[in-house]
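Right, one structure below, let's go through it.
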Amino acid sequence: METGQPASAEEVAARLGTTGYLCDDALATVAFLAVRMQRPLLLEGEPGTGKTALAEALAESLGLPLVRLQCYEGIDATQALYDWDFPRQVLHLRALEAAGGDGRTVEEAEKSLYDERFLLARPVLAALQQAPAVLLVDEVDRADDEFEAFLLEVLSTYQVTIPELGTVRAATPPLVVLTSNRTRELHDALKRRCLYHWIDHPGLEREVQIVRSRAPEVSAGLAAQVVGVVQQLRGGGDLLKPPGVAETLDWARALHHLGSVDLDLETASRTLGALVKYREDADRVRAALDRMLAR
């Protein structure tokens with residue numbers, strides 16, 4: 001695997017391709033610019049369009065560690081930055097007591113509790129410490145406004161201050177990839193600090209290429225049939241949650257594991273759990289398959 005900074009968008013696309021991630025020119029260009037300009041990259045799009053997978057593929061293709069922060073409602077700065085290992089601090093105190101104080105004053109004993117060895121680095125701090133690294137801030141739209149403001153500060157300075165230890169500053173800013181499913185609109189202040197790209201579902205030809213690249217064990221004919229059905233289902237617009245690329249891959253692999261080399265109605269119906277996640281969608285897809293695959 002080639003490491004170091006890529007020289008062009010074409011090189012980014014080529015490196016991502018070696019990991020099995022196939023992207024178009026626009027996505028490769030914005031990813032290249034994020035690397036070269038050291039700017040966070042905000043990716044929005046429907047679930048299952050490859051936003052998280054891009055961060056994983058970038059880390060692998062650049063030879064960098066991936067640090068992931070999964071956002072959720074109620075997450076706060078402490079859960080993103082650091083915490084102190086309280087049980088180990090208590091054990092340390094007891095060890096000092098057993099040693100008769102080890103000749104330390106009370107102030108020295110208290111200060112020793114906030115040694116770096118008792119620090120639990122959460123994802124943001126870990127990314128600053130490990131940089132160069134790729135920091136994935138996944139589903140940032142699930143976090144609340146206060147957490148978004150906290151991210152704003154970190155992405156501006158790439159440093160955090162720990163009162164007991166001092167300031168931790170990244171020697172090299174991590175490559176930050178933020179993803180959003182657009183469950184709520186992000187603030188303009190955060191967007192202004194990022195390069196932005198909307199990821200759509202891939203077209204038929206590219207999705208077939210993705211299946212062939214990520215699941216080479218699936219026959220070419222089955223891959224084409226699966227993608228053809230998925231594309232029609234997405235285009236129908238009547239599903240509660242249209243399948244993403246991840247579901248396409250799951251379905252193709254499920255069919256392969258059942259020995260299918262062609263898509264038939266019976267096996268397709270039995271494996272719908274890999275493709276859709278709502279009962280209503282399963283009923284609609286089953287009815288659609290009856291029309292598409294019935295002989």
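FYI, nothing fancy with the structure tokens labels: chains A, B, ... in order, residues from 1 per chain, ligands from 1 as they appear.
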**Selection: 7 Å around Arg182 (chain A), only C-alpha atoms, excl. self and same-chain fewer than 2 positions, as a ChimeraX atom specification** = /A:44,141,180,184-185
How would the residues just chosen look if you wrote them out with C-alpha atoms as a short mmCIF file (atom, residue, chain, number, x, y, z; two decimals), in the first residue's frame?
data_model
loop_
_atom_site.label_atom_id
_atom_site.label_comp_id
_atom_site.auth_asym_id
_atom_site.auth_seq_id
_atom_site.Cartn_x
_atom_site.Cartn_y
_atom_site.Cartn_z
CA GLU A 44 -23.91 14.38 3.43
CA ASP A 141 -26.32 15.45 12.78
CA SER A 180 -24.38 13.51 8.18
CA ARG A 184 -31.29 17.95 11.00
CA GLU A 185 -29.60 20.91 9.34
#
**Residues within 10 Å of Thr78 (chain A), only C-alpha atoms, excluding chain neighbours under 2 positions, as a list in words** = Ile75, Asp76, Ala80, Leu81, Tyr82, Asp83, Ala121, Arg122 and Val124 of chain A
Any chance you can output those residues with C-alpha atoms as an mmCIF file, in the first residue's frame?
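The resulting file, selection32.cif, is shown below:
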data_model
loop_
_atom_site.group_PDB
_atom_site.id
_atom_site.type_symbol
_atom_site.label_atom_id
_atom_site.label_comp_id
_atom_site.auth_asym_id
_atom_site.auth_seq_id
_atom_site.Cartn_x
_atom_site.Cartn_y
_atom_site.Cartn_z
ATOM 1 C CA ILE A 75 -23.055 13.186 23.595
ATOM 2 C CA ASP A 76 -20.903 15.801 25.314
ATOM 3 C CA ALA A 80 -15.230 12.977 22.902
ATOM 4 C CA LEU A 81 -12.116 14.260 24.689
ATOM 5 C CA TYR A 82 -10.912 12.409 27.758
ATOM 6 C CA ASP A 83 -11.717 11.012 31.167
ATOM 7 C CA ALA A 121 -8.084 9.464 25.731
ATOM 8 C CA ARG A 122 -11.440 9.567 23.943
ATOM 9 C CA VAL A 124 -10.860 13.511 19.575
#
**Message:** as a PyMOL selection string, please: every residue in region 43-218 of chain A that a backbone DSSP assignment puts in strand (DSSP E).
**Reply:** chain A and resi 43-45+66-70+82-84+119-121+134-138+159-162+166-169+175-180+195-199
I need the chosen residues saved as a tab-separated table (two decimals), in the first residue's frame, with C-alpha atoms.
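Saved the output as again-v8.tsv:
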chain	number	residue	atom	x	y	z
A	43	LEU	CA	-20.13	14.38	3.63
A	44	GLU	CA	-23.91	14.38	3.43
A	45	GLY	CA	-26.17	11.89	1.72
A	66	LEU	CA	-8.57	5.62	11.79
A	67	VAL	CA	-10.08	7.10	14.96
A	68	ARG	CA	-13.88	6.99	15.04
A	69	LEU	CA	-16.23	9.18	17.06
A	70	GLN	CA	-19.82	7.93	16.81
A	82	TYR	CA	-10.91	12.41	27.76
A	83	ASP	CA	-11.72	11.01	31.17
A	84	TRP	CA	-9.69	10.01	34.19
A	119	LEU	CA	-5.70	9.60	31.33
A	120	LEU	CA	-8.28	7.84	29.15
A	121	ALA	CA	-8.08	9.46	25.73
A	134	VAL	CA	-8.01	10.15	10.07
A	135	LEU	CA	-10.69	11.29	12.53
A	136	LEU	CA	-14.16	10.10	11.54
A	137	VAL	CA	-16.94	12.11	13.22
A	138	ASP	CA	-19.82	9.85	12.24
A	159	GLN	CA	-5.78	21.48	20.21
A	160	VAL	CA	-7.45	20.82	23.56
A	161	THR	CA	-6.55	21.93	27.06
A	162	ILE	CA	-6.51	19.51	29.98
A	166	GLY	CA	-1.78	21.41	29.86
A	167	THR	CA	-2.52	21.83	26.16
A	168	VAL	CA	-2.38	18.96	23.68
A	169	ARG	CA	-1.79	20.18	20.14
A	175	LEU	CA	-7.74	14.50	8.33
A	176	VAL	CA	-11.27	14.99	9.68
A	177	VAL	CA	-14.23	13.41	7.90
A	178	LEU	CA	-17.69	14.33	9.20
A	179	THR	CA	-20.75	12.46	8.01
A	180	SER	CA	-24.38	13.51	8.18
A	195	LEU	CA	-15.19	21.22	2.39
A	196	TYR	CA	-18.58	19.81	1.43
A	197	HIS	CA	-19.78	16.99	-0.78
A	198	TRP	CA	-23.16	15.34	-1.25
A	199	ILE	CA	-22.91	11.62	-2.01
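Minimum atom-to-atom distances from A:Thr29, A:Gln79, A:Gln5, A:Gln89 to Leu125 (chain A) were compared using only C-alpha atoms, and the lowest value belongs to A:Gln79.
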**Request:** For His257 (chain A), please output as a list in words all residues within 12 Å (counting only C-alpha atoms; exclusion window: fewer than 2 positions along the same chain).
**Result:**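 Selected residues are Ala215, Glu217, Val218, Ser219, Asp250, Trp251, Ala252, Arg253, Ala254, Leu255, Gly259, Ser260, Val261, Thr267 and Thr271 of chain A.
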**Request:** Please run DSSP on the backbone and report, as a PyMOL selection string, all residues within region 117-243 of chain A that come out as alpha helix (DSSP H).
**Result:** chain A and resi 123-130+145-157+188-192+204-214+220-236
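Those residues that approach region 47-53 of chain A to within 6 Å, counting only C-alpha atoms, are A:His201, A:Gly244, A:Val245, A:Ala246; same-chain residues fewer than 5 positions away are not listed.
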Selected residues written out with all heavy atoms, as a short mmCIF file (atom, residue, chain, number, x, y, z; two decimals), in the first residue's frame:
data_model
loop_
_atom_site.label_atom_id
_atom_site.label_comp_id
_atom_site.auth_asym_id
_atom_site.auth_seq_id
_atom_site.Cartn_x
_atom_site.Cartn_y
_atom_site.Cartn_z
N HIS A 201 -26.56 7.94 -4.36
CA HIS A 201 -26.43 6.52 -4.69
C HIS A 201 -25.72 6.41 -6.05
O HIS A 201 -25.96 7.23 -6.95
CB HIS A 201 -27.80 5.85 -4.78
CG HIS A 201 -28.47 5.72 -3.44
ND1 HIS A 201 -27.97 4.90 -2.44
CD2 HIS A 201 -29.60 6.28 -2.95
CE1 HIS A 201 -28.77 4.97 -1.38
NE2 HIS A 201 -29.77 5.80 -1.66
N GLY A 244 -29.31 0.99 0.64
CA GLY A 244 -28.07 1.63 0.27
C GLY A 244 -27.12 0.62 -0.37
O GLY A 244 -27.47 -0.55 -0.56
N VAL A 245 -25.91 1.08 -0.64
CA VAL A 245 -24.93 0.20 -1.25
C VAL A 245 -24.59 -0.95 -0.30
O VAL A 245 -24.38 -2.09 -0.74
CB VAL A 245 -23.66 0.99 -1.63
CG1 VAL A 245 -22.58 0.04 -2.16
CG2 VAL A 245 -23.98 2.06 -2.65
N ALA A 246 -24.54 -0.64 0.99
CA ALA A 246 -24.23 -1.70 1.97
C ALA A 246 -25.27 -2.81 1.91
O ALA A 246 -24.92 -4.00 2.00
CB ALA A 246 -24.18 -1.10 3.37
#
**Request:** Find the residue from A:Gln232, A:Ala274, A:Pro174, A:Arg284 that sits nearest to Gln38 (chain A); use only C-alpha atoms when measuring.
**Result:**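 When distances to Gln38 (chain A) are compared using only C-alpha atoms, the smallest one comes from A:Pro174.
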**Request:** Counting only C-alpha atoms, figure out which residue out of A:Gln225, A:Ser213, A:Thr18, A:Ser156 gets nearest to Arg193 (chain A).
**Result:**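 Checking each candidate against Arg193 (chain A), we get A:Ser156 as the closest.
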**Request:** Would you mind reading off the distance between CA of Leu233 (chain A) and CA of Asp25 (chain A), one decimal, in Å?
**Result:**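 Taking CA of Leu233 (chain A) and CA of Asp25 (chain A), their separation equals 26.1 Å.
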**Request:** Tell me which of A:Gly100, A:Gly237, A:Pro40, A:Gly221 sits closest to Cys194 (chain A), counting only C-alpha atoms.
**Result:**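 Using only C-alpha atoms, Cys194 (chain A) sits closest to A:Pro40.
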**Request:** Using only C-alpha atoms, determine which residues lie at most 12 Å from Asp145 (chain A), disregarding the query and same-chain residues fewer than 5 positions distant; provide the list as a VMD selection string.
**Result:** chain A and resid 72 to 77 140 150 to 152 184 to 190
Selection to disk with N, CA, C and O atoms, as a compact mmCIF listing (two decimals), in the first residue's frame:
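Generated output (again_26.txt):
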# COMPACT_ATOMS: atom_id res chain seq x y z
N TYR A 72 -24.20 10.76 18.90
CA TYR A 72 -25.55 10.36 19.28
C TYR A 72 -26.16 11.48 20.10
O TYR A 72 -25.44 12.38 20.58
N GLU A 73 -27.45 11.43 20.27
CA GLU A 73 -28.13 12.47 21.03
C GLU A 73 -27.65 12.45 22.48
O GLU A 73 -27.64 11.41 23.12
N GLY A 74 -27.22 13.59 22.97
CA GLY A 74 -26.76 13.68 24.36
C GLY A 74 -25.26 13.56 24.53
O GLY A 74 -24.75 13.75 25.64
N ILE A 75 -24.50 13.28 23.47
CA ILE A 75 -23.05 13.19 23.59
C ILE A 75 -22.50 14.55 24.01
O ILE A 75 -23.00 15.60 23.59
N ASP A 76 -21.49 14.54 24.89
CA ASP A 76 -20.90 15.80 25.31
C ASP A 76 -19.39 15.77 25.09
O ASP A 76 -18.83 14.76 24.66
N ALA A 77 -18.75 16.90 25.41
CA ALA A 77 -17.32 17.03 25.12
C ALA A 77 -16.49 16.01 25.88
O ALA A 77 -15.48 15.51 25.35
N VAL A 140 -22.76 13.30 12.64
CA VAL A 140 -22.70 14.50 13.47
C VAL A 140 -24.07 15.14 13.62
O VAL A 140 -24.33 15.86 14.59
N PHE A 150 -18.72 22.72 20.21
CA PHE A 150 -17.44 22.19 20.72
C PHE A 150 -16.56 21.73 19.56
O PHE A 150 -15.36 22.02 19.51
N LEU A 151 -17.17 21.02 18.61
CA LEU A 151 -16.39 20.56 17.45
C LEU A 151 -15.82 21.73 16.67
O LEU A 151 -14.71 21.68 16.16
N LEU A 152 -16.61 22.78 16.60
CA LEU A 152 -16.18 23.98 15.88
C LEU A 152 -14.85 24.49 16.43
O LEU A 152 -13.93 24.83 15.68
N ARG A 184 -31.04 16.55 10.69
CA ARG A 184 -31.29 17.95 11.00
C ARG A 184 -30.24 18.77 10.24
O ARG A 184 -29.21 18.24 9.82
N GLU A 185 -30.52 20.04 10.07
CA GLU A 185 -29.60 20.91 9.34
C GLU A 185 -28.46 21.33 10.25
O GLU A 185 -28.68 21.74 11.40
N LEU A 186 -27.23 21.20 9.78
CA LEU A 186 -26.07 21.63 10.55
C LEU A 186 -25.92 23.14 10.45
O LEU A 186 -26.39 23.77 9.50
N HIS A 187 -25.23 23.71 11.44
CA HIS A 187 -25.06 25.16 11.45
C HIS A 187 -24.07 25.61 10.37
O HIS A 187 -23.11 24.91 10.05
N ASP A 188 -24.31 26.81 9.87
CA ASP A 188 -23.44 27.36 8.83
C ASP A 188 -22.00 27.49 9.30
O ASP A 188 -21.05 27.32 8.53
N ALA A 189 -21.82 27.81 10.60
CA ALA A 189 -20.46 28.00 11.12
C ALA A 189 -19.63 26.73 10.97
O ALA A 189 -18.43 26.80 10.65
N LEU A 190 -20.24 25.58 11.20
CA LEU A 190 -19.51 24.32 11.02
C LEU A 190 -19.27 24.05 9.54
O LEU A 190 -18.16 23.66 9.14
